[in-house]
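**Q** This one is coords.json, JSON, C-alpha atoms and all ligand atoms.
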[["chain", "number", "residue", "atom", "x", "y", "z"],
["A", 1, "MET", "CA", 10.00, 27.00, -12.58],
["A", 2, "THR", "CA", 7.82, 23.91, -12.20],
["A", 3, "THR", "CA", 7.74, 22.06, -15.50],
["A", 4, "PRO", "CA", 6.19, 18.63, -16.05],
["A", 5, "SER", "CA", 9.66, 17.09, -16.24],
["A", 6, "ASN", "CA", 10.70, 18.71, -12.94],
["A", 7, "ARG", "CA", 7.58, 17.26, -11.39],
["A", 8, "LEU", "CA", 8.54, 13.77, -12.51],
["A", 9, "LYS", "CA", 12.02, 14.26, -11.04],
["A", 10, "THR", "CA", 10.41, 15.25, -7.75],
["A", 11, "LEU", "CA", 8.13, 12.23, -8.00],
["A", 12, "ASP", "CA", 11.18, 9.98, -8.56],
["A", 13, "ALA", "CA", 12.79, 11.34, -5.41],
["A", 14, "VAL", "CA", 9.61, 10.99, -3.35],
["A", 15, "LEU", "CA", 9.09, 7.39, -4.49],
["A", 16, "ASN", "CA", 12.74, 6.55, -3.75],
["A", 17, "GLY", "CA", 12.41, 7.98, -0.25],
["A", 18, "LEU", "CA", 9.27, 5.92, 0.37],
["A", 19, "MET", "CA", 10.90, 2.72, -0.88],
["A", 20, "THR", "CA", 14.03, 3.27, 1.24],
["A", 21, "ARG", "CA", 12.17, 3.65, 4.55],
["A", 22, "TYR", "CA", 9.80, 0.85, 3.62],
["A", 23, "SER", "CA", 12.65, -1.61, 2.84],
["A", 24, "GLU", "CA", 14.20, -0.81, 6.22],
["A", 25, "ARG", "CA", 10.93, -1.53, 8.02],
["A", 26, "VAL", "CA", 9.98, -4.64, 6.07],
["A", 27, "PRO", "CA", 12.79, -7.25, 5.94],
["A", 28, "ASP", "CA", 10.69, -9.40, 3.54],
["A", 29, "VAL", "CA", 11.34, -6.80, 0.81],
["A", 30, "LEU", "CA", 15.07, -7.52, 0.66],
["A", 31, "GLY", "CA", 14.43, -11.18, 1.49],
["A", 32, "ILE", "CA", 12.26, -11.57, -1.62],
["A", 33, "ILE", "CA", 14.62, -9.53, -3.82],
["A", 34, "ASP", "CA", 17.59, -11.66, -2.67],
["A", 35, "ALA", "CA", 15.66, -14.87, -3.35],
["A", 36, "LEU", "CA", 14.76, -13.61, -6.86],
["A", 37, "ILE", "CA", 18.40, -12.73, -7.56],
["A", 38, "ASP", "CA", 19.49, -16.11, -6.16],
["A", 39, "GLU", "CA", 17.13, -17.92, -8.55],
["A", 40, "LYS", "CA", 18.30, -15.67, -11.43],
["A", 41, "VAL", "CA", 14.81, -14.26, -11.99],
["A", 42, "ILE", "CA", 16.20, -10.72, -11.78],
["A", 43, "GLN", "CA", 19.73, -9.32, -11.68],
["A", 44, "LYS", "CA", 19.12, -6.23, -9.56],
["A", 45, "PRO", "CA", 16.29, -4.68, -7.52],
["A", 46, "ASP", "CA", 15.44, -2.22, -10.33],
["A", 47, "ASP", "CA", 14.44, -5.12, -12.58],
["A", 48, "ILE", "CA", 11.25, -5.41, -10.52],
["A", 49, "GLU", "CA", 8.19, -3.65, -11.90],
["A", 50, "ASN", "CA", 6.21, -1.96, -9.13],
["A", 51, "ASP", "CA", 2.53, -2.51, -9.95],
["A", 52, "HIS", "CA", 1.23, -0.18, -7.26],
["A", 53, "ILE", "CA", 1.83, 1.27, -3.81],
["A", 54, "ALA", "CA", -0.76, 1.89, -1.11],
["A", 55, "PHE", "CA", -1.44, 4.34, 1.71],
["A", 56, "ARG", "CA", -3.97, 4.49, 4.53],
["A", 57, "THR", "CA", -5.44, 7.53, 6.24],
["A", 58, "MET", "CA", -8.14, 8.74, 8.64],
["A", 59, "GLY", "CA", -11.24, 10.09, 6.87],
["A", 60, "LEU", "CA", -11.38, 13.46, 8.67],
["A", 61, "PRO", "CA", -11.73, 17.04, 7.37],
["A", 62, "SER", "CA", -8.01, 17.98, 7.40],
["A", 63, "LEU", "CA", -6.77, 14.49, 6.59],
["A", 64, "GLY", "CA", -8.22, 11.68, 4.50],
["A", 65, "ILE", "CA", -8.12, 10.98, 0.80],
["A", 66, "GLN", "CA", -8.99, 14.55, -0.22],
["A", 67, "SER", "CA", -5.88, 15.80, 1.60],
["A", 68, "PHE", "CA", -3.45, 13.00, 0.79],
["A", 69, "GLU", "CA", -4.30, 12.81, -2.91],
["A", 70, "LYS", "CA", -3.16, 16.42, -3.48],
["A", 71, "ILE", "CA", 0.43, 15.22, -3.26],
["A", 72, "PHE", "CA", 0.20, 12.75, -6.11],
["A", 73, "LEU", "CA", -2.28, 14.72, -8.22],
["A", 74, "HIS", "CA", 0.43, 17.42, -8.25],
["A", 75, "TYR", "CA", 2.84, 14.95, -9.88],
["A", 76, "GLY", "CA", 0.35, 14.14, -12.62],
["A", 77, "TYR", "CA", -1.52, 11.17, -11.17],
["A", 78, "GLU", "CA", -5.20, 10.89, -12.20],
["A", 79, "LYS", "CA", -8.00, 9.95, -9.86],
["A", 80, "ARG", "CA", -9.89, 6.84, -11.00],
["A", 81, "GLU", "CA", -12.63, 4.60, -9.58],
["A", 82, "PRO", "CA", -13.86, 4.68, -5.96],
["A", 83, "TYR", "CA", -14.29, 1.58, -3.78],
["A", 84, "ASP", "CA", -16.47, 1.08, -0.74],
["A", 85, "PHE", "CA", -15.69, -1.44, 2.00],
["A", 86, "LYS", "CA", -18.85, -1.57, 4.12],
["A", 87, "GLU", "CA", -17.82, -3.94, 6.85],
["A", 88, "LYS", "CA", -14.37, -2.41, 7.30],
["A", 89, "LYS", "CA", -15.86, 1.12, 7.10],
["A", 90, "LEU", "CA", -13.39, 2.27, 4.45],
["A", 91, "ASN", "CA", -13.45, 4.35, 1.28],
["A", 92, "ALA", "CA", -10.74, 4.06, -1.35],
["A", 93, "TYR", "CA", -9.68, 5.38, -4.76],
["A", 94, "TRP", "CA", -7.01, 4.35, -7.17],
["A", 95, "TYR", "CA", -4.84, 6.73, -9.19],
["A", 96, "SER", "CA", -3.22, 6.08, -12.57],
["A", 97, "PRO", "CA", 0.36, 7.30, -13.02],
["A", 98, "PRO", "CA", 1.64, 10.11, -15.28],
["A", 99, "LYS", "CA", 3.76, 7.58, -17.22],
["A", 100, "PRO", "CA", 3.31, 3.81, -17.50],
["A", 101, "HIS", "CA", 6.54, 2.89, -15.69],
["A", 102, "TYR", "CA", 5.37, 4.54, -12.46],
["A", 103, "PRO", "CA", 3.35, 2.55, -9.94],
["A", 104, "ARG", "CA", -0.41, 3.01, -9.64],
["A", 105, "ILE", "CA", -1.49, 4.32, -6.24],
["A", 106, "PHE", "CA", -4.24, 2.96, -3.99],
["A", 107, "VAL", "CA", -5.38, 5.25, -1.16],
["A", 108, "SER", "CA", -7.95, 4.29, 1.46],
["A", 109, "GLU", "CA", -9.47, 6.14, 4.40],
["A", 110, "LEU", "CA", -11.36, 5.12, 7.52],
["A", 111, "ARG", "CA", -14.91, 6.45, 7.86],
["A", 112, "VAL", "CA", -14.16, 7.61, 11.39],
["A", 113, "ARG", "CA", -17.73, 8.84, 11.97],
["A", 114, "ASP", "CA", -19.05, 5.29, 11.52],
["A", 115, "LEU", "CA", -17.10, 4.00, 14.53],
["A", 116, "SER", "CA", -18.37, 3.81, 18.13],
["A", 117, "ASP", "CA", -18.24, 6.97, 20.27],
["A", 118, "GLU", "CA", -15.38, 5.47, 22.27],
["A", 119, "ALA", "CA", -13.23, 4.77, 19.21],
["A", 120, "GLN", "CA", -14.02, 8.19, 17.68],
["A", 121, "HIS", "CA", -13.08, 9.86, 20.94],
["A", 122, "ILE", "CA", -9.68, 8.11, 20.98],
["A", 123, "ILE", "CA", -8.98, 9.07, 17.37],
["A", 124, "TYR", "CA", -9.95, 12.74, 17.90],
["A", 125, "LYS", "CA", -7.72, 12.90, 20.97],
["A", 126, "TYR", "CA", -4.76, 12.55, 18.59],
["A", 127, "THR", "CA", -6.00, 14.06, 15.34],
["A", 128, "ASP", "CA", -7.57, 17.18, 16.90],
["A", 129, "THR", "CA", -4.13, 18.81, 16.75],
["A", 130, "VAL", "CA", -4.39, 18.74, 12.94],
["A", 131, "VAL", "CA", -6.56, 21.83, 12.51],
["A", 132, "PHE", "CA", -5.77, 22.65, 8.90],
["A", 133, "ASP", "CA", -4.89, 20.42, 5.95],
["A", 134, "PRO", "CA", -1.10, 19.94, 6.35],
["A", 135, "VAL", "CA", -0.67, 19.30, 2.60],
["A", 136, "ASP", "CA", -1.85, 22.86, 1.86],
["A", 137, "THR", "CA", 1.27, 24.36, 3.42],
["A", 138, "LEU", "CA", 3.64, 21.77, 1.98],
["A", 139, "ASP", "CA", 5.88, 22.74, -0.95],
["A", 140, "LEU", "CA", 5.13, 19.81, -3.25],
["A", 141, "ASP", "CA", 8.02, 20.73, -5.54],
["A", 142, "ASP", "CA", 10.46, 20.18, -2.69],
["A", 143, "ALA", "CA", 11.07, 16.42, -2.64],
["A", 144, "GLN", "CA", 12.87, 16.55, 0.69],
["A", 145, "ALA", "CA", 10.00, 18.40, 2.33],
["A", 146, "VAL", "CA", 7.50, 15.87, 0.97],
["A", 147, "ASP", "CA", 9.70, 12.96, 2.10],
["A", 148, "ARG", "CA", 9.91, 14.45, 5.57],
["A", 149, "PHE", "CA", 6.15, 15.02, 5.64],
["A", 150, "LEU", "CA", 5.37, 11.40, 4.69],
["A", 151, "HIS", "CA", 7.56, 10.05, 7.50],
["A", 152, "GLN", "CA", 6.96, 12.61, 10.23],
["A", 153, "PRO", "CA", 4.51, 12.30, 13.16],
["A", 154, "LEU", "CA", 1.21, 13.93, 12.24],
["A", 155, "TRP", "CA", -0.01, 13.59, 15.83],
["A", 156, "GLN", "CA", 1.30, 12.33, 19.17],
["A", 157, "ILE", "CA", 2.36, 8.72, 19.54],
["A", 158, "PRO", "CA", -0.64, 6.85, 21.06],
["A", 159, "THR", "CA", -0.70, 5.09, 24.40],
["A", 160, "LEU", "CA", -0.73, 1.30, 24.25],
["A", 161, "ASP", "CA", -4.15, 1.33, 25.92],
["A", 162, "ASP", "CA", -5.65, 3.52, 23.21],
["A", 163, "TYR", "CA", -3.99, 1.43, 20.51],
["A", 164, "LEU", "CA", -5.42, -1.81, 21.93],
["A", 165, "THR", "CA", -8.91, -0.34, 22.38],
["A", 166, "LEU", "CA", -8.92, 0.78, 18.75],
["A", 167, "LEU", "CA", -7.54, -2.59, 17.62],
["A", 168, "LYS", "CA", -10.57, -4.37, 19.10],
["A", 169, "GLU", "CA", -12.98, -2.31, 17.03],
["A", 170, "SER", "CA", -11.00, -1.54, 13.86],
["A", 171, "GLU", "CA", -7.63, -3.06, 13.06],
["A", 172, "TYR", "CA", -7.29, -0.48, 10.29],
["A", 173, "ALA", "CA", -7.78, 2.40, 12.78],
["A", 174, "ALA", "CA", -5.08, 0.98, 15.06],
["A", 175, "TRP", "CA", -2.71, 0.60, 12.12],
["A", 176, "VAL", "CA", -3.12, 4.22, 11.03],
["A", 177, "ILE", "CA", -2.93, 5.72, 14.53],
["A", 178, "TYR", "CA", 0.54, 4.22, 14.90],
["A", 179, "ASN", "CA", 1.93, 3.88, 11.34],
["A", 180, "ARG", "CA", 0.42, 7.03, 9.77],
["A", 181, "TYR", "CA", 1.61, 7.62, 6.16],
["A", 182, "TYR", "CA", 4.32, 4.97, 6.11],
["A", 183, "LEU", "CA", 4.07, 3.04, 2.87],
["A", 184, "ASN", "CA", 1.63, 0.20, 3.48],
["A", 185, "HIS", "CA", 2.96, -2.00, 0.65],
["A", 186, "PHE", "CA", 4.60, -2.10, -2.72],
["A", 187, "THR", "CA", 3.57, -4.66, -5.27],
["A", 188, "ILE", "CA", 5.70, -6.87, -7.48],
["A", 189, "SER", "CA", 4.25, -7.31, -10.98],
["A", 190, "VAL", "CA", 4.76, -10.97, -11.74],
["A", 191, "HIS", "CA", 3.50, -11.18, -15.36],
["A", 192, "ASN", "CA", 6.68, -9.71, -16.89],
["A", 193, "LEU", "CA", 9.05, -12.02, -15.00],
["A", 194, "LYS", "CA", 10.59, -15.04, -16.69],
["A", 195, "PRO", "CA", 8.63, -18.26, -17.32],
["A", 196, "GLY", "CA", 8.27, -20.29, -14.14],
["A", 197, "TYR", "CA", 7.63, -17.12, -12.12],
["A", 198, "ASN", "CA", 5.26, -15.10, -14.32],
["A", 199, "THR", "CA", 1.93, -16.39, -13.04],
["A", 200, "ILE", "CA", 0.65, -15.73, -9.56],
["A", 201, "GLN", "CA", 0.38, -19.46, -8.94],
["A", 202, "GLU", "CA", 4.05, -20.06, -9.78],
["A", 203, "PHE", "CA", 5.15, -16.99, -7.88],
["A", 204, "VAL", "CA", 3.24, -18.04, -4.77],
["A", 205, "ALA", "CA", 4.84, -21.51, -5.03],
["A", 206, "PHE", "CA", 8.27, -19.81, -5.14],
["A", 207, "LEU", "CA", 7.45, -17.68, -2.07],
["A", 208, "GLU", "CA", 6.19, -20.69, -0.12],
["A", 209, "ARG", "CA", 9.24, -22.76, -1.10],
["A", 210, "ARG", "CA", 11.38, -19.91, 0.24],
["A", 211, "GLY", "CA", 9.44, -19.80, 3.52],
["A", 212, "PHE", "CA", 7.62, -16.45, 3.23],
["A", 213, "LYS", "CA", 4.38, -16.27, 5.23],
["A", 214, "LEU", "CA", 1.41, -15.37, 3.05],
["A", 215, "ASN", "CA", -2.00, -13.84, 3.80],
["A", 216, "SER", "CA", -4.56, -16.67, 3.68],
["A", 217, "ALA", "CA", -7.74, -14.55, 4.05],
["A", 218, "GLY", "CA", -10.25, -15.74, 1.43],
["A", 219, "GLY", "CA", -7.56, -18.09, 0.03],
["A", 220, "THR", "CA", -3.92, -17.25, -0.73],
["A", 221, "ILE", "CA", -4.64, -16.16, -4.31],
["A", 222, "LYS", "CA", -7.34, -13.52, -4.72],
["A", 223, "ILE", "CA", -8.98, -13.60, -8.18],
["A", 224, "SER", "CA", -11.18, -10.87, -9.71],
["A", 225, "PRO", "CA", -14.53, -12.07, -11.17],
["A", 226, "ASP", "CA", -13.24, -11.30, -14.70],
["A", 227, "GLU", "CA", -10.13, -13.40, -13.88],
["A", 228, "GLY", "CA", -7.88, -10.60, -15.13],
["A", 229, "LEU", "CA", -6.37, -9.52, -11.79],
["A", 230, "LEU", "CA", -4.80, -12.09, -9.47],
["A", 231, "GLN", "CA", -3.21, -10.98, -6.21],
["A", 232, "ALA", "CA", -1.44, -12.37, -3.14],
["A", 233, "SER", "CA", 0.45, -10.76, -0.28],
["A", 234, "THR", "CA", 2.74, -11.51, 2.64],
["A", 235, "VAL", "CA", 1.54, -11.22, 6.19],
["A", 236, "ALA", "CA", 2.62, -7.83, 7.61],
["A", 237, "GLN", "CA", 5.93, -7.82, 9.42],
["A", 238, "LEU", "CA", 5.80, -7.06, 13.10],
["A", 239, "ILE", "CA", 7.62, -4.03, 14.45],
["A", 240, "ASP", "CA", 8.60, -3.35, 18.06],
["A", 241, "ALA", "CA", 6.50, -0.26, 18.64],
["A", 242, "GLU", "CA", 7.18, 2.16, 21.47],
["A", 243, "PHE", "CA", 4.07, 3.76, 22.94],
["A", 244, "ALA", "CA", 3.56, 7.07, 24.71],
["A", 245, "ASP", "CA", 3.41, 5.50, 28.15],
["A", 246, "GLY", "CA", 6.86, 3.95, 27.60],
["A", 247, "GLN", "CA", 5.43, 0.51, 26.92],
["A", 248, "THR", "CA", 6.53, -1.51, 23.90],
["A", 249, "HIS", "CA", 4.42, -3.94, 21.98],
["A", 250, "ARG", "CA", 4.85, -5.90, 18.74],
["A", 251, "ILE", "CA", 2.37, -4.57, 16.20],
["A", 252, "ALA", "CA", 1.73, -4.93, 12.47],
["A", 253, "GLY", "CA", 3.87, -2.81, 10.17],
["A", 254, "SER", "CA", 3.83, -3.12, 6.38],
["A", 255, "TYR", "CA", 3.73, -5.99, 3.89],
["A", 256, "VAL", "CA", 4.53, -6.93, 0.27],
["A", 257, "GLU", "CA", 1.99, -7.68, -2.46],
["A", 258, "PHE", "CA", 2.17, -9.60, -5.75],
["A", 259, "ALA", "CA", -0.04, -9.04, -8.78],
["A", 260, "GLU", "CA", -0.61, -10.79, -12.08],
["A", 261, "ARG", "CA", -2.50, -8.72, -14.65],
["A", 262, "ARG", "CA", -3.68, -10.84, -17.55],
["A", 263, "VAL", "CA", -3.85, -9.62, -21.14],
["A", 264, "LEU", "CA", -7.37, -8.36, -21.96],
["A", 265, "PRO", "CA", -9.41, -10.63, -24.28],
["A", 266, "GLU", "CA", -9.30, -8.07, -27.14],
["A", 267, "PHE", "CA", -5.47, -8.13, -27.17],
["A", 268, "ARG", "CA", -4.83, -11.85, -26.77],
["A", 269, "HIS", "CA", -3.96, -12.15, -30.47],
["A", 270, "LEU", "CA", -0.94, -9.84, -30.02],
["A", 271, "PRO", "CA", 2.53, -11.43, -30.05],
["A", 272, "ALA", "CA", 4.09, -11.57, -26.56],
["A", 273, "ASP", "CA", 6.79, -8.99, -27.36],
["A", 274, "GLN", "CA", 4.15, -6.38, -28.21],
["A", 275, "ILE", "CA", 2.22, -6.62, -24.95],
["A", 276, "ARG", "CA", 2.45, -3.44, -22.91],
["A", 277, "ARG", "CA", 0.78, -2.23, -19.73],
["A", 278, "GLU", "CA", -2.26, -0.83, -21.58],
["A", 279, "HIS", "CA", -3.06, -4.28, -22.98],
["A", 280, "ARG", "CA", -3.50, -5.80, -19.54],
["A", 281, "ARG", "CA", -6.30, -5.65, -16.94],
["A", 282, "ASP", "CA", -5.98, -2.30, -15.15],
["A", 283, "GLY", "CA", -7.42, -0.95, -11.89],
["A", 284, "PHE", "CA", -8.29, -2.86, -8.75],
["A", 285, "GLU", "CA", -10.97, -5.22, -7.47],
["A", 286, "ALA", "CA", -12.97, -4.60, -4.30],
["A", 287, "GLY", "CA", -13.34, -8.32, -3.48],
["A", 288, "ASN", "CA", -9.56, -8.87, -3.70],
["A", 289, "ALA", "CA", -8.75, -5.64, -1.83],
["A", 290, "ASP", "CA", -11.13, -6.50, 1.02],
["A", 291, "LYS", "CA", -8.99, -9.56, 1.82],
["A", 292, "ILE", "CA", -5.63, -7.89, 1.15],
["A", 293, "PHE", "CA", -6.39, -5.29, 3.84],
["A", 294, "GLU", "CA", -6.28, -8.18, 6.30],
["A", 295, "SER", "CA", -2.53, -8.64, 5.71],
["A", 296, "THR", "CA", -2.03, -6.34, 8.72],
["A", 297, "PHE", "CA", -4.82, -7.85, 10.86],
["A", 298, "THR", "CA", -4.03, -9.98, 13.92],
["A", 299, "SER", "CA", -6.04, -12.85, 12.38],
["A", 300, "GLN", "CA", -3.15, -13.07, 9.86],
["A", 301, "THR", "CA", -0.13, -11.82, 11.80],
["A", 302, "ASN", "CA", -0.79, -14.18, 14.73],
["A", 303, "GLN", "CA", -1.19, -17.32, 12.66],
["B", 1, "LIG", "C1", -4.80, -1.90, 0.83],
["B", 1, "LIG", "C2", -5.48, -3.21, 0.49],
["B", 1, "LIG", "C3", -5.98, -3.29, -0.95],
["B", 1, "LIG", "C4", -5.17, -3.92, -3.35],
["B", 1, "LIG", "O1", -4.23, -4.03, -4.13],
["B", 1, "LIG", "O2", -6.33, -4.22, -3.67],
["B", 1, "LIG", "C5", -4.89, -3.42, -1.96],
["B", 1, "LIG", "C6", -4.32, -1.79, 2.25],
["B", 1, "LIG", "O3", -4.01, -2.81, 2.89],
["B", 1, "LIG", "O4", -4.24, -0.65, 2.73],
["B", 1, "LIG", "O5", -3.75, -3.16, -1.72],
["B", 2, "NI", "NI", -2.39, -3.51, -3.14]]
Could I get this structure in the form of structure tokens?
**A**
Amino acid sequence: MTTPSNRLKTLDAVLNGLMTRYSERVPDVLGIIDALIDEKVIQKPDDIENDHIAFRTMGLPSLGIQSFEKIFLHYGYEKREPYDFKEKKLNAYWYSPPKPHYPRIFVSELRVRDLSDEAQHIIYKYTDTVVFDPVDTLDLDDAQAVDRFLHQPLWQIPTLDDYLTLLKESEYAAWVIYNRYYLNHFTISVHNLKPGYNTIQEFVAFLERRGFKLNSAGGTIKISPDEGLLQASTVAQLIDAEFADGQTHRIAGSYVEFAERRVLPEFRHLPADQIRREHRRDGFEAGNADKIFESTFTSQTNQ
């Protein structure tokens, strides 16, 4: 029987599977963890609080947010505010977790219909094989099945030509056509780390000292207008991608993000040892997110 506690066990397994594949694809993950252990900021990887994870998808009838979100709604996540990225032609939502120690989730989708006919045609060439919502036939209580689904090809591997044509018009489209539902990033919460590392400014200084390459779009540190949410990210790591025509090309894979959530003004009187997640700035910020998307863009990965 599916009980709420079984669902959380399934969620644990799904999140573990995502983090395992992601760490294999993104050497910066272990690089940063090792550097944190080396500087005695943490003792083991589990000491890191994961602020949120993010996924990208194609906004199409059998795919998109309305399909993908069914997975995490099943595990007790709640849909929260929408975001609209006009220039990048993206929609997004964030989801709050069933318990505070789970990561928030940020899911975005490409408004495929807003692209040129040529780009739409390329995308449909691949996604037209997805004729029904694949999540509808997935047993969401079977963690292994969900893990397989999140890492399996949803459509044929693209040709390099198609990839490069898409890249010219929408870097996001090119990313999704190759990387699909691979975890786009996980996010280290910095505010609960020890002094010297618990502000985004100090954490960024640590990363730069250790030689990690950071996304500079709109400035390295992205700050929400209310100054409660401060974010930074690495530049996506390149992967040697094999394309359908047998060609290989180095393309953007995934990246790592860092977030500082400040205590809300109404809770600033609380002693430090009483501060919990609900006392800090929650949610996301469109202005920050708009620049963080660019962590996988060639303007950042080629610098
Ligand atoms: C997501 C970018 C936005 C945030 O925390 O605002 C984001 C993406 O690159 O897919 O992660
Ligand atoms: Ni993020």
**Q** A:His52, A:Lys99, A:Lys194, A:Arg25: which is nearest ligand NI 2 (chain B), counting all atoms listed in the file?
**A**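 Among the listed residues, the smallest separation from ligand NI 2 (chain B) belongs to A:His52.
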**Q** Which residue gives the smallest distance to Ala286 of chain A among A:Lys79, A:His269, A:Lys88, A:His74, with all atoms listed in the file counted?
**A**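 Going through A:Lys79, A:His269, A:Lys88, A:His74 one by one, the smallest distance to Ala286 of chain A is for A:Lys88.
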**Q** Enter the distance from atom C2 of ligand LIG 1 (chain B) to atom CA of His101 of chain A, in Å, rounded to one decimal.
**A**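 Atom C2 of ligand LIG 1 (chain B) sits 21.1 Å away from atom CA of His101 of chain A.
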**Q** Under the rule that all atoms listed in the file are counted, which of A:Leu11, A:Leu270, A:Ile32, A:Ile42 is the nearest residue to Pro98 of chain A?
**A**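 Ranking A:Leu11, A:Leu270, A:Ile32, A:Ile42 by distance to Pro98 of chain A, first place goes to A:Leu11.
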**Q** Give me the residues within 7 Å of segment 246-259 of chain A as a ChimeraX atom specification, counting all atoms listed in the file and dropping any in the same chain fewer than 4 places off.
**A** /A:26,29,160,184-190,200,230-242,296
**Q** Can you pull out the residues contacting Arg209 of chain A? Cut-off 12 Å, using only C-alpha atoms, and skip same-chain residues under 6 positions away; I want them as a list of chain:residue names.
**A**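 Neighbouring residues, sequence-local ones excluded: A:Ile32, A:Ala35, A:Glu39, A:Glu202, A:Phe203.
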**Q** Return the single residue from A:Thr298, A:Thr137, A:Asn91, A:Asn192 that is closest to Trp175 of chain A, with distances computed using only C-alpha atoms.
**A** A:Thr298
**Q** For Glu24 of chain A, which of A:Ile123, A:Ile48, A:Leu183, A:Leu73 is the closest residue, counting all atoms listed in the file?
**A**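 Nearest candidate to Glu24 of chain A out of A:Ile123, A:Ile48, A:Leu183, A:Leu73: A:Leu183.
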**Q** From the list A:Leu207, A:Ala272, A:Leu90, A:Leu229, which residue is nearest Leu36 of chain A when using only C-alpha atoms?
**A**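 Distance minimum relative to Leu36 of chain A lands on A:Leu207.
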**Q** Any idea what the distance is between atom CA of Arg276 of chain A and atom CA of Ser96 of chain A?
**A** 15.2 Å
**Q** Would you mind reading off the distance between atom CA of Asp117 of chain A and atom CA of Pro61 of chain A, one decimal, in Å?
**A**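 According to the coordinates, atom CA of Asp117 of chain A and atom CA of Pro61 of chain A are separated by 17.6 Å.
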**Q** Report as a list in words which protein, DNA and RNA residues come within 6 Å of ligand LIG 1 (chain B), using all atoms listed in the file.
**A**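 The residues near ligand LIG 1 (chain B) are Ala54, Phe55, Arg56, Asn184, Phe284, Asn288, Ala289, Ile292 and Phe293 of chain A.
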